[in-house]
$ cat my_file.txt   # compact mmCIF, C-alpha atoms
# COMPACT_ATOMS: atom_id res chain seq x y z
CA MET U 1469 1.49 -16.62 1.67
CA ILE U 1470 2.26 -19.84 3.52
CA THR U 1471 5.20 -20.50 1.20
CA ASP U 1472 6.71 -17.16 2.26
CA LEU U 1473 6.22 -18.07 5.92
CA VAL U 1474 7.93 -21.44 5.49
CA ASP U 1475 10.86 -19.86 3.66
CA TYR U 1476 11.20 -17.11 6.26
CA LEU U 1477 11.27 -19.50 9.21
CA ASN U 1478 13.79 -21.80 7.55
CA ASN U 1479 16.05 -18.84 6.80
CA ASN U 1480 15.62 -17.26 10.25
CA LEU U 1481 15.98 -20.09 12.75
CA LEU U 1482 16.35 -17.73 15.71
CA ILE U 1483 12.89 -16.31 14.97
CA ALA U 1484 11.55 -19.85 14.60
CA HIS U 1485 13.04 -20.69 18.02
CA TYR U 1486 11.33 -17.68 19.63
CA CYS U 1487 8.05 -18.81 18.00
CA GLY U 1488 8.36 -22.11 19.88
CA PHE U 1489 9.58 -24.43 17.14
CA ASP U 1490 12.22 -27.08 17.76
CA ILE U 1491 14.94 -25.92 15.37
CA SER U 1492 16.95 -29.11 15.92
CA ALA U 1493 14.28 -30.92 13.89
CA PRO U 1494 12.75 -30.12 10.48
CA LEU U 1495 10.28 -27.25 10.69
CA PRO U 1496 6.60 -27.80 9.77
CA SER U 1497 5.85 -28.16 6.08
CA TYR U 1498 3.55 -26.10 3.92
CA TRP U 1499 0.74 -28.64 4.32
CA THR U 1500 1.05 -28.65 8.11
CA PHE U 1501 0.53 -24.89 8.21
CA ASP U 1502 -2.28 -25.18 5.66
CA ARG U 1503 -4.18 -27.73 7.79
CA PHE U 1504 -3.55 -25.68 10.92
CA LEU U 1505 -5.09 -22.53 9.42
CA LYS U 1506 -8.12 -24.38 8.06
CA GLN U 1507 -8.88 -26.14 11.34
CA LEU U 1508 -8.15 -23.27 13.74
CA ASP U 1509 -11.06 -21.10 14.85
CA ASN U 1510 -10.41 -17.44 14.02
CA ASP U 1511 -11.83 -16.42 17.42
CA VAL U 1512 -8.78 -18.04 19.04
CA LEU U 1513 -6.39 -15.86 17.01
CA SER U 1514 -8.49 -12.76 17.74
CA SER U 1515 -8.40 -13.49 21.47
CA ILE U 1516 -4.61 -13.94 21.39
CA MET U 1517 -4.17 -10.66 19.51
CA LYS U 1518 -6.37 -8.76 21.99
CA SER U 1519 -4.42 -10.12 24.98
CA GLN U 1520 -1.15 -9.09 23.33
CA VAL U 1521 -2.44 -5.59 22.59
CA LEU U 1522 -3.68 -5.17 26.17
CA TYR U 1523 -0.30 -6.30 27.53
CA LEU U 1524 1.53 -3.82 25.28
CA SER U 1525 -0.88 -1.09 26.37
CA LYS U 1526 -0.17 -1.76 30.07
CA GLN U 1527 3.54 -1.61 29.30
CA GLY U 1528 3.07 1.80 27.65
CA ILE U 1529 4.25 0.53 24.28
CA VAL U 1530 0.98 1.17 22.40
CA ASP U 1531 -1.90 3.58 22.91
CA THR U 1532 -4.74 5.07 20.88
CA SER U 1533 -3.71 8.72 20.71
CA PHE U 1534 -3.04 8.42 16.97
CA ILE U 1535 -4.63 5.45 15.21
CA GLY U 1536 -4.71 4.72 11.50
CA LEU U 1537 -6.87 2.37 9.44
CA ASP U 1538 -6.09 0.89 6.04
CA SER U 1539 -6.82 -2.25 4.05
CA THR U 1540 -4.77 -4.53 1.85
CA PRO U 1541 -6.04 -6.91 -0.85
CA ILE U 1542 -5.71 -10.67 -0.39
CA ALA U 1543 -5.98 -12.50 -3.69
CA ALA U 1544 -7.73 -15.86 -3.67
CA ASN U 1545 -5.83 -18.88 -4.87
CA THR U 1546 -7.63 -19.14 -8.21
CA SER U 1547 -6.55 -19.21 -11.84
CA GLN U 1548 -8.68 -16.13 -12.54
CA ASN U 1549 -6.16 -14.05 -10.59
CA ASN U 1550 -3.28 -15.34 -12.70
CA PRO U 1551 -1.86 -12.36 -14.67
CA LYS U 1552 -0.96 -14.80 -17.47
CA SER U 1553 -4.63 -15.60 -17.98
CA PHE U 1554 -6.17 -13.59 -20.82
CA LEU U 1555 -9.76 -14.82 -20.53
CA SER U 1556 -12.16 -11.98 -21.29
CA ASN U 1557 -14.73 -13.00 -18.66
CA LYS U 1558 -12.44 -13.84 -15.73
CA PHE U 1559 -13.52 -10.73 -13.82
CA LYS U 1560 -17.23 -10.94 -14.53
CA PRO U 1561 -19.26 -10.80 -11.27
CA ASP U 1562 -21.23 -13.93 -12.17
CA ASN U 1563 -18.10 -15.96 -12.97
CA GLN U 1564 -17.50 -17.14 -9.39
CA PRO U 1565 -14.19 -19.06 -9.04
CA LYS U 1566 -14.77 -22.75 -8.43
CA ALA U 1567 -11.59 -23.00 -6.36
CA ASP U 1568 -12.93 -20.52 -3.76
CA THR U 1569 -16.70 -20.15 -3.47
CA ASP U 1570 -16.45 -17.61 -0.62
CA CYS U 1571 -14.29 -14.96 -2.29
CA LYS U 1572 -15.78 -11.92 -4.00
CA LEU U 1573 -14.78 -9.61 -6.84
CA GLY U 1574 -12.94 -6.49 -5.72
CA VAL U 1575 -10.75 -3.69 -7.04
CA HIS U 1576 -7.60 -2.11 -5.68
CA THR U 1577 -5.21 0.62 -6.75
CA ALA U 1578 -2.23 -0.66 -8.69
CA SER U 1579 -0.11 2.43 -8.01
CA ASN U 1580 0.72 4.47 -4.91
CA GLN U 1581 1.25 7.65 -6.94
CA THR U 1582 -1.39 10.26 -6.14
CA ASN U 1583 -1.46 11.54 -9.73
CA GLU U 1584 -2.01 8.09 -11.23
CA LYS U 1585 -5.36 6.34 -11.37
CA LYS U 1586 -4.55 2.71 -12.09
CA TYR U 1587 -6.87 0.01 -10.82
CA GLU U 1588 -6.85 -3.77 -10.95
CA PHE U 1589 -9.67 -6.24 -10.40
CA TYR U 1590 -9.14 -9.39 -8.37
CA TRP U 1591 -11.06 -12.20 -6.71
CA GLY U 1592 -10.45 -12.47 -3.00
CA TYR U 1593 -10.60 -10.68 0.31
CA LYS U 1594 -9.51 -7.56 2.21
CA ASN U 1595 -7.58 -7.34 5.44
CA HIS U 1596 -8.50 -4.20 7.39
CA VAL U 1597 -5.89 -3.28 10.00
CA LEU U 1598 -6.07 -0.61 12.71
CA VAL U 1599 -2.59 0.55 13.76
CA ASP U 1600 -1.08 2.61 16.55
CA CYS U 1601 0.60 5.23 14.36
CA ILE U 1602 3.27 6.06 16.95
CA SER U 1603 4.64 2.54 17.43
CA GLY U 1604 3.45 1.12 14.10
CA ILE U 1605 1.98 -1.93 15.89
CA PRO U 1606 -1.41 -3.33 14.77
CA ILE U 1607 -4.10 -3.24 17.46
CA TYR U 1608 -7.08 -4.71 15.57
CA GLU U 1609 -7.75 -6.54 12.31
CA LEU U 1610 -10.77 -7.66 10.35
CA THR U 1611 -10.90 -9.70 7.15
CA THR U 1612 -13.81 -9.25 4.76
CA THR U 1613 -14.58 -10.22 1.20
CA ALA U 1614 -13.07 -7.99 -1.49
CA ASN U 1615 -16.36 -6.32 -2.41
CA VAL U 1616 -16.71 -4.61 1.00
CA HIS U 1617 -15.84 -0.91 0.83
CA ASP U 1618 -13.30 0.34 3.36
CA SER U 1619 -15.53 3.08 4.80
CA THR U 1620 -18.42 0.70 5.55
CA VAL U 1621 -16.45 -1.27 8.16
CA ALA U 1622 -14.49 1.61 9.70
CA LEU U 1623 -17.00 2.43 12.45
CA ASP U 1624 -17.47 -1.26 13.33
CA ILE U 1625 -13.70 -1.67 13.69
CA LEU U 1626 -13.46 1.39 15.93
CA ALA U 1627 -16.40 0.20 18.04
CA ASP U 1628 -14.95 -3.31 18.46
CA THR U 1629 -11.56 -1.87 19.42
CA HIS U 1630 -13.18 0.45 21.96
CA THR U 1631 -14.71 -2.54 23.79
CA PHE U 1632 -11.30 -3.73 24.99
CA LEU U 1633 -8.98 -0.75 24.37
CA PRO U 1634 -10.60 2.70 24.83
CA ILE U 1635 -10.03 5.09 21.90
CA THR U 1636 -11.43 8.17 23.64
CA GLU U 1637 -9.94 11.47 22.38
CA CYS U 1638 -8.18 9.66 19.54
CA THR U 1639 -6.90 11.19 16.32
CA PHE U 1640 -8.12 8.93 13.54
CA LEU U 1641 -6.01 8.88 10.37
CA ALA U 1642 -7.03 7.29 7.08
CA ASP U 1643 -6.80 7.81 3.32
CA LYS U 1644 -9.50 9.43 1.18
CA GLY U 1645 -11.34 6.13 0.85
CA TYR U 1646 -12.66 6.81 4.38
CA ASP U 1647 -13.75 10.39 3.62
CA VAL U 1648 -17.37 9.87 4.66
CA LYS U 1649 -19.38 12.35 6.74
CA ASN U 1650 -20.68 9.69 9.13
CA ILE U 1651 -17.14 8.70 10.18
CA TYR U 1652 -16.25 12.29 11.15
CA ASN U 1653 -19.45 12.68 13.14
CA GLN U 1654 -19.22 9.36 14.96
CA VAL U 1655 -15.56 9.79 15.90
CA GLN U 1656 -16.37 13.13 17.50
CA GLU U 1657 -19.69 12.21 19.10
CA LEU U 1658 -18.79 8.75 20.43
CA TYR U 1659 -15.08 9.12 21.17
CA GLN U 1660 -14.56 12.91 21.40
CA GLY U 1661 -11.88 12.48 18.77
CA GLU U 1662 -10.99 14.03 15.43
CA CYS U 1663 -10.35 12.78 11.91
CA ILE U 1664 -7.33 13.47 9.71
CA ILE U 1665 -8.55 12.33 6.29
CA PRO U 1666 -7.81 13.86 2.85
CA LEU U 1667 -10.81 15.17 0.93
CA ASN U 1668 -12.23 12.83 -1.68
CA LYS U 1669 -13.36 15.28 -4.34
CA ARG U 1670 -15.52 12.63 -5.99
CA SER U 1671 -14.98 14.06 -9.49
CA THR U 1672 -16.19 17.53 -8.49
CA GLN U 1673 -14.61 20.68 -9.92
CA ASN U 1674 -13.41 23.40 -7.60
CA PRO U 1675 -13.82 26.87 -9.15
CA LYS U 1676 -11.08 29.48 -8.82
CA LEU U 1677 -11.78 31.63 -5.77
CA LEU U 1678 -10.77 35.16 -4.77
CA PRO U 1679 -9.41 35.75 -1.22
CA GLN U 1680 -12.90 36.84 -0.07
CA GLY U 1681 -14.35 33.55 -1.29
CA ASN U 1682 -16.05 34.67 -4.52
CA PRO U 1683 -15.49 32.50 -7.59
CA VAL U 1684 -14.18 33.96 -10.85
CA CYS U 1685 -16.14 33.49 -14.06
CA ASP U 1686 -14.66 32.49 -17.44
CA ALA U 1687 -14.33 36.18 -18.33
CA GLY U 1688 -12.18 36.84 -15.24
CA LEU U 1689 -14.86 38.76 -13.32
CA ALA U 1690 -15.72 38.31 -9.65
CA MET U 1691 -19.15 36.70 -9.36
CA TRP U 1692 -21.88 37.97 -7.00
CA LYS U 1693 -23.76 36.12 -4.29
CA ASP U 1694 -27.26 35.13 -5.35
CA GLY U 1695 -28.88 33.27 -2.47
CA LYS U 1696 -28.43 29.94 -0.68
CA PHE U 1697 -30.14 26.58 -0.75
CA SER U 1698 -29.87 23.27 1.14
CA ASP U 1699 -29.59 19.81 -0.37
CA ASN U 1700 -28.92 16.48 1.38
CA GLY U 1701 -27.91 18.23 4.58
CA CYS U 1702 -25.42 20.58 2.87
CA THR U 1703 -25.79 24.34 2.37
CA HIS U 1704 -24.76 25.77 -1.00
CA GLN U 1705 -24.05 29.41 -1.86
CA LYS U 1706 -25.12 30.43 -5.34
CA PHE U 1707 -23.05 32.95 -7.32
CA CYS U 1708 -24.20 34.69 -10.50
CA CYS U 1709 -22.73 36.76 -13.31
CA PRO U 1710 -21.94 40.37 -12.18
CA LEU U 1711 -23.36 41.65 -15.47
CA LYS U 1712 -26.66 39.81 -15.08
CA SER U 1713 -28.67 42.95 -14.23
CA SER U 1714 -26.90 45.27 -16.64
CA LYS U 1715 -28.98 46.49 -19.60
CA ASP U 1716 -26.16 47.45 -21.94
CA ALA U 1717 -23.16 45.33 -20.89
CA ASP U 1718 -21.92 42.43 -22.98
CA CYS U 1719 -19.99 39.40 -21.72
CA PRO U 1720 -16.23 39.95 -22.39
CA CYS U 1721 -15.77 36.27 -23.33
CA HIS U 1722 -19.17 35.97 -25.05
CA HIS U 1723 -20.21 33.07 -22.84
CA LYS U 1724 -23.16 31.18 -24.32
CA ASN U 1725 -25.16 31.44 -21.07
CA PHE U 1726 -25.09 35.23 -21.24
CA TYR U 1727 -27.62 35.17 -24.06
CA ASN U 1728 -30.29 33.03 -22.37
CA GLY U 1729 -32.66 35.91 -21.80
CA LYS U 1730 -32.83 38.52 -19.04
CA LYS U 1731 -34.12 36.14 -16.32
CA HIS U 1732 -31.45 33.45 -16.76
CA ARG U 1733 -28.65 35.63 -18.11
CA GLY U 1734 -25.07 34.69 -17.34
CA CYS U 1735 -23.32 31.69 -15.84
CA THR U 1736 -23.77 30.49 -12.27
CA LYS U 1737 -21.52 28.64 -9.82
CA TYR U 1738 -22.21 26.95 -6.49
CA ILE U 1739 -19.92 26.72 -3.46
CA THR U 1740 -20.64 24.27 -0.63
CA ILE U 1741 -20.52 26.08 2.69
CA PRO U 1742 -18.51 24.03 5.25
CA ASP U 1743 -21.26 23.49 7.82
CA ASP U 1744 -20.21 19.96 8.80
CA LEU U 1745 -17.09 18.33 10.23
CA ARG U 1746 -15.96 16.80 6.94
CA LEU U 1747 -15.85 20.12 5.09
CA SER U 1748 -14.61 22.20 8.03
CA VAL U 1749 -11.21 20.43 8.19
CA ASP U 1750 -8.37 22.69 7.03
CA ARG U 1751 -6.38 20.21 4.96
CA ASP U 1752 -3.80 22.81 3.92
CA SER U 1753 -2.74 23.55 7.50
CA LYS U 1754 0.58 22.43 9.00
CA TYR U 1755 -1.39 20.68 11.75
CA PHE U 1756 -3.20 18.47 9.25
CA LYS U 1757 -0.10 17.70 7.18
CA SER U 1758 2.14 16.91 10.15
CA ASN U 1759 -0.44 14.57 11.67
CA TYR U 1760 -1.24 12.86 8.38
CA SER U 1761 2.46 12.15 7.88
CA LEU U 1762 2.21 9.74 10.84
CA ARG U 1763 -0.02 7.53 8.70
CA THR U 1764 2.27 7.52 5.66
CA GLU U 1765 5.31 6.79 7.83
CA ARG U 1766 3.81 3.89 9.81
CA MET U 1767 1.32 2.19 7.48

$ encode --input "my_file.txt" --output "structure tokens"
Amino acid sequence: MITDLVDYLNNNLLIAHYCGFDISAPLPSYWTFDRFLKQLDNDVLSSIMKSQVLYLSKQGIVDTSFIGLDSTPIAANTSQNNPKSFLSNKFKPDNQPKADTDCKLGVHTASNQTNEKKYEFYWGYKNHVLVDCISGIPIYELTTTANVHDSTVALDILADTHTFLPITECTFLADKGYDVKNIYNQVQELYQGECIIPLNKRSTQNPKLLPQGNPVCDAGLAMWKDGKFSDNGCTHQKFCCPLKSSKDADCPCHHKNFYNGKKHRGCTKYITIPDDLRLSVDRDSKYFKSNYSLRTERM
């Protein structure tokens, strides 16, 4: 916020001096900064940032060996974002704030705990920042409205960065919000790089597996392979009840599917065979965990 900037500069005059302000005179007010931001073309700031990144790259301070992308919410200055407001319709999509006609309705996580699923709605924007994970210095940024999903702008950000700072053979780190097949493929095909991204299970259930890869049924029995099929570019292995073909056997747990008739007897499970980059990543390996820690330490 501009108020935070004004307070920071007034309390850190040495920083204000290095920024070019005359600290022997009163520093600019809130309204001066506000007018400056409204009248300044964003392309000017983008050009300045690119020149700084290129200078740091030539000095060997930043590079693109390990780059991480994340976004942060920017709440619009509107009463509908006020936590003290208890209006029931303040986060309705058609209730556009009058104070900011450009902002959009978005949602962000309200907790950093992986075992908590707390979300908050807000009207505003998102700031997407690409960072050199070794130095922790930002190398590219893009601001969008709050309704834009993180994964939809990831490839555009990488492509724009590559135009002035090559990201060839990069290791791209991001959270599970970027766990999209197209990102893995494009990073490898266009930049000969790799992705370190946690798996977004998307509310799927992972069955208990034996060391050889067979799932275990509710009765504790190893299930048998029963053919494969493809769907939406993914190959799935079907497993069936081991007692399906038995004439006299009865299900130990008396599963309801066991009594569906001879043709459809027993329960079935499906395992997606990792035939693409997204599913072939070993996320339990030390290599994955050590590299992903660079993101959590720097972003």

$ residues_around --input "my_file.txt" --residues "stretch 1743-1756 of chain U" --least-positions-apart "3" --cutoff "8 Å" --atoms "all atoms listed in the file" --output "number ranges by chain"
U: 1647-1649, 1652-1653, 1664, 1666-1667, 1702-1703, 1759-1760

$ closest_residue --input "my_file.txt" --among "U:Leu1641, U:Val1616, U:Ile1491, U:Leu1537" --to "U:His1596" --atoms "all atoms listed in the file"
U:Leu1537

$ residues_around --input "my_file.txt" --residues "U:Leu1495" --least-positions-apart "3" --cutoff "10 Å" --atoms "all atoms listed in the file" --output "PyMOL selection string"
chain U and resi 1474+1477-1478+1481+1484+1489-1492+1498+1500

$ residues_around --input "my_file.txt" --residues "U:Leu1598" --least-positions-apart "2" --cutoff "6 Å" --atoms "all atoms listed in the file" --output "short mmCIF file (atom, residue, chain, number, x, y, z; two decimals) with C-alpha atoms, in the frame of the given file"
data_model
loop_
_atom_site.label_atom_id
_atom_site.label_comp_id
_atom_site.auth_asym_id
_atom_site.auth_seq_id
_atom_site.Cartn_x
_atom_site.Cartn_y
_atom_site.Cartn_z
CA GLY U 1536 -4.71 4.72 11.50
CA LEU U 1537 -6.87 2.37 9.44
CA PRO U 1606 -1.41 -3.33 14.77
CA ILE U 1607 -4.10 -3.24 17.46
CA TYR U 1608 -7.08 -4.71 15.57
#

$ residues_around --input "my_file.txt" --residues "U:Ser1619" --least-positions-apart "2" --cutoff "9 Å" --atoms "only C-alpha atoms" --output "PyMOL selection string"
chain U and resi 1616-1617+1621-1623+1645-1648+1651

$ residues_around --input "my_file.txt" --residues "U:Gly1661" --least-positions-apart "2" --cutoff "8 Å" --atoms "all atoms listed in the file" --output "list in words"
Thr1636, Glu1637, Cys1638, Thr1639, Phe1640, Val1655, Gln1656, Glu1657, Tyr1659 and Cys1663 of chain U

$ closest_residue --input "my_file.txt" --among "U:Ile1542, U:Ile1739, U:Val1512, U:Met1517" --to "U:Trp1591" --atoms "only C-alpha atoms"
U:Ile1542

$ atom_distance --input "my_file.txt" --atom1 "atom CA of U:Ile1470" --atom2 "atom CA of U:Asn1563"
26.5 Å
